[in-house]
file run23.csv (CSV, C-alpha atoms)
chain,number,residue,atom,x,y,z
A,1,MET,CA,15.0,22.8,40.7
A,2,GLU,CA,12.8,19.8,40.2
A,3,THR,CA,12.3,18.3,36.8
A,4,ILE,CA,8.9,17.1,35.6
A,5,ASP,CA,8.7,13.7,34.0
A,6,LEU,CA,6.6,13.9,30.9
A,7,SER,CA,7.0,10.3,29.9
A,8,PRO,CA,3.6,9.1,31.0
A,9,LEU,CA,1.9,12.1,29.2
A,10,THR,CA,4.0,11.4,26.0
A,11,GLN,CA,3.1,7.7,26.2
A,12,ALA,CA,-0.6,8.5,26.6
A,13,VAL,CA,-0.6,10.9,23.6
A,14,ALA,CA,1.3,8.3,21.5
A,15,ALA,CA,-1.2,5.6,22.5
A,16,ILE,CA,-4.2,7.9,21.6
A,17,MET,CA,-2.6,8.8,18.2
A,18,MET,CA,-1.9,5.1,17.4
A,19,ALA,CA,-5.6,4.2,18.3
A,20,ILE,CA,-6.8,7.0,16.0
A,21,ILE,CA,-4.5,5.9,13.2
A,22,THR,CA,-5.4,2.2,13.6
A,23,GLY,CA,-9.1,2.8,14.0
A,24,TYR,CA,-9.8,5.5,11.5
A,25,VAL,CA,-6.9,6.5,9.2
A,26,ILE,CA,-5.8,3.0,8.0
A,27,PRO,CA,-9.4,1.8,7.2
A,28,TRP,CA,-10.1,5.1,5.5
A,29,LEU,CA,-6.9,4.8,3.3
A,30,LYS,CA,-7.8,1.1,2.5
A,31,ALA,CA,-11.3,2.2,1.5
A,32,ILE,CA,-10.0,4.9,-0.8
A,33,THR,CA,-7.4,2.5,-2.3
A,34,GLU,CA,-10.0,-0.2,-2.9
A,35,GLN,CA,-12.4,2.3,-4.6
A,36,LYS,CA,-9.7,3.5,-6.9
A,37,LYS,CA,-8.8,-0.1,-7.7
A,38,GLN,CA,-12.4,-0.9,-8.5
A,39,ASP,CA,-12.8,2.3,-10.7
A,40,ASN,CA,-9.6,1.4,-12.5
A,41,ASN,CA,-10.7,-2.2,-13.1
A,42,LYS,CA,-14.1,-1.0,-14.4
A,43,VAL,CA,-12.3,1.3,-16.9
A,44,ILE,CA,-10.1,-1.6,-18.1
A,45,VAL,CA,-13.2,-3.9,-18.5
A,46,GLU,CA,-15.0,-1.2,-20.4
A,47,THR,CA,-12.1,-0.7,-22.7
A,48,LEU,CA,-11.8,-4.4,-23.4
A,49,VAL,CA,-15.5,-4.7,-24.1
A,50,LYS,CA,-15.3,-1.9,-26.6
A,51,ALA,CA,-12.2,-3.5,-28.1
A,52,ALA,CA,-14.1,-6.8,-28.4
A,53,GLU,CA,-16.9,-5.0,-30.2
A,54,GLN,CA,-14.4,-3.7,-32.7
A,55,VAL,CA,-12.6,-7.1,-33.2
A,56,PHE,CA,-15.8,-9.2,-33.5
A,57,LYS,CA,-18.3,-7.1,-35.5
A,58,ASN,CA,-20.6,-9.9,-36.7
A,59,GLU,CA,-23.9,-10.9,-35.1
A,60,GLY,CA,-23.8,-14.0,-32.9
A,61,GLU,CA,-20.2,-13.6,-31.8
A,62,GLY,CA,-21.1,-12.8,-28.2
A,63,GLN,CA,-19.3,-15.8,-26.8
A,64,LYS,CA,-16.1,-14.9,-28.8
A,65,LYS,CA,-16.3,-11.4,-27.4
A,66,LEU,CA,-16.7,-12.7,-23.8
A,67,GLU,CA,-13.7,-15.1,-24.3
A,68,TYR,CA,-11.7,-12.2,-25.7
A,69,VAL,CA,-12.4,-10.0,-22.7
A,70,GLN,CA,-11.7,-12.9,-20.2
A,71,THR,CA,-8.4,-13.7,-22.0
A,72,GLU,CA,-7.2,-10.1,-21.9
A,73,LEU,CA,-8.2,-9.8,-18.3
A,74,GLU,CA,-6.2,-13.0,-17.4
A,75,LYS,CA,-3.2,-11.6,-19.3
A,76,ARG,CA,-3.3,-8.6,-16.9
A,77,GLY,CA,-3.6,-10.8,-13.9
A,78,MET,CA,-7.2,-9.7,-13.2
A,79,GLU,CA,-10.2,-11.7,-12.2
A,80,THR,CA,-12.5,-12.7,-15.1
A,81,ASN,CA,-15.8,-12.0,-13.4
A,82,THR,CA,-18.5,-12.7,-16.0
A,83,PRO,CA,-21.3,-10.9,-14.2
A,84,VAL,CA,-19.1,-7.7,-14.1
A,85,ILE,CA,-18.4,-8.0,-17.8
A,86,GLU,CA,-22.0,-8.5,-18.6
A,87,ALA,CA,-22.9,-5.5,-16.4
A,88,VAL,CA,-20.5,-3.4,-18.4
A,89,VAL,CA,-22.0,-4.6,-21.7
A,90,PHE,CA,-25.5,-3.8,-20.4
A,91,ASP,CA,-24.4,-0.3,-19.3
A,92,LEU,CA,-22.7,0.4,-22.7
A,93,THR,CA,-25.7,-1.0,-24.6
A,94,THR,CA,-28.1,1.2,-22.5
A,95,GLN,CA,-25.9,4.2,-23.2
A,96,VAL,CA,-26.0,3.6,-26.9
A,97,ALA,CA,-29.7,3.1,-26.9
A,98,GLN,CA,-30.2,6.3,-25.0
A,99,GLN,CA,-28.0,8.2,-27.4
A,100,VAL,CA,-29.9,6.8,-30.4
A,101,GLU,CA,-33.2,7.9,-28.8
A,102,THR,CA,-31.9,11.3,-28.2
A,103,GLU,CA,-30.6,11.7,-31.7
A,104,GLY,CA,-33.5,10.1,-33.4
call {"tool": "encode", "arguments": {"input": "run23.csv", "output": "structure tokens"}}
result
Amino acid sequence: METIDLSPLTQAVAAIMMAIITGYVIPWLKAITEQKKQDNNKVIVETLVKAAEQVFKNEGEGQKKLEYVQTELEKRGMETNTPVIEAVVFDLTTQVAQQVETEG
């Protein structure tokens, strides 16, 4: 009885699977991981901005609030991206304004 060598077929299937994993699965997993990281970072920045609002309640303390958020981000080993912080402040201010309009 003659045996059939399935090695070339097995190698071809393995090569195709590796190409699929390398071309699609790994980039997909990286994208999901990056999105979750960005979402998590945004929540952290929002929380720190809200904390700064509670710590510095007086008018004209915007610079102190920004420095507080930047310092806290640095403590966590995160990038202190001022435009991102300002965008979060803008979003929160907009939300508060919309809430006041709705209630008022």
call {"tool": "closest_residue", "arguments": {"input": "run23.csv", "among": "A:Ala52, A:Ile21, A:Ala14, A:Ile4", "to": "A:Ile85", "atoms": "all atoms listed in the file"}}
result
A:Ala52
call {"tool": "residues_around", "arguments": {"input": "run23.csv", "residues": "stretch 70-75 of chain A", "least_positions_apart": "6", "cutoff": "10 Å", "atoms": "all atoms listed in the file", "output": "PyMOL selection string"}}
result
chain A and resi 41+44-45+48-49+64+81-82+85
call {"tool": "closest_residue", "arguments": {"input": "run23.csv", "among": "A:Gly23, A:Thr3, A:Leu66, A:Lys30", "to": "A:Pro83", "atoms": "only C-alpha atoms"}}
result
A:Leu66
call {"tool": "atom_distance", "arguments": {"input": "run23.csv", "atom1": "atom CA of A:Val89", "atom2": "atom CA of A:Lys50"}}
result
8.7 Å
call {"tool": "closest_residue", "arguments": {"input": "run23.csv", "among": "A:Glu46, A:Lys37, A:Asn58, A:Trp28", "to": "A:Phe90", "atoms": "all atoms listed in the file"}}
result
A:Glu46
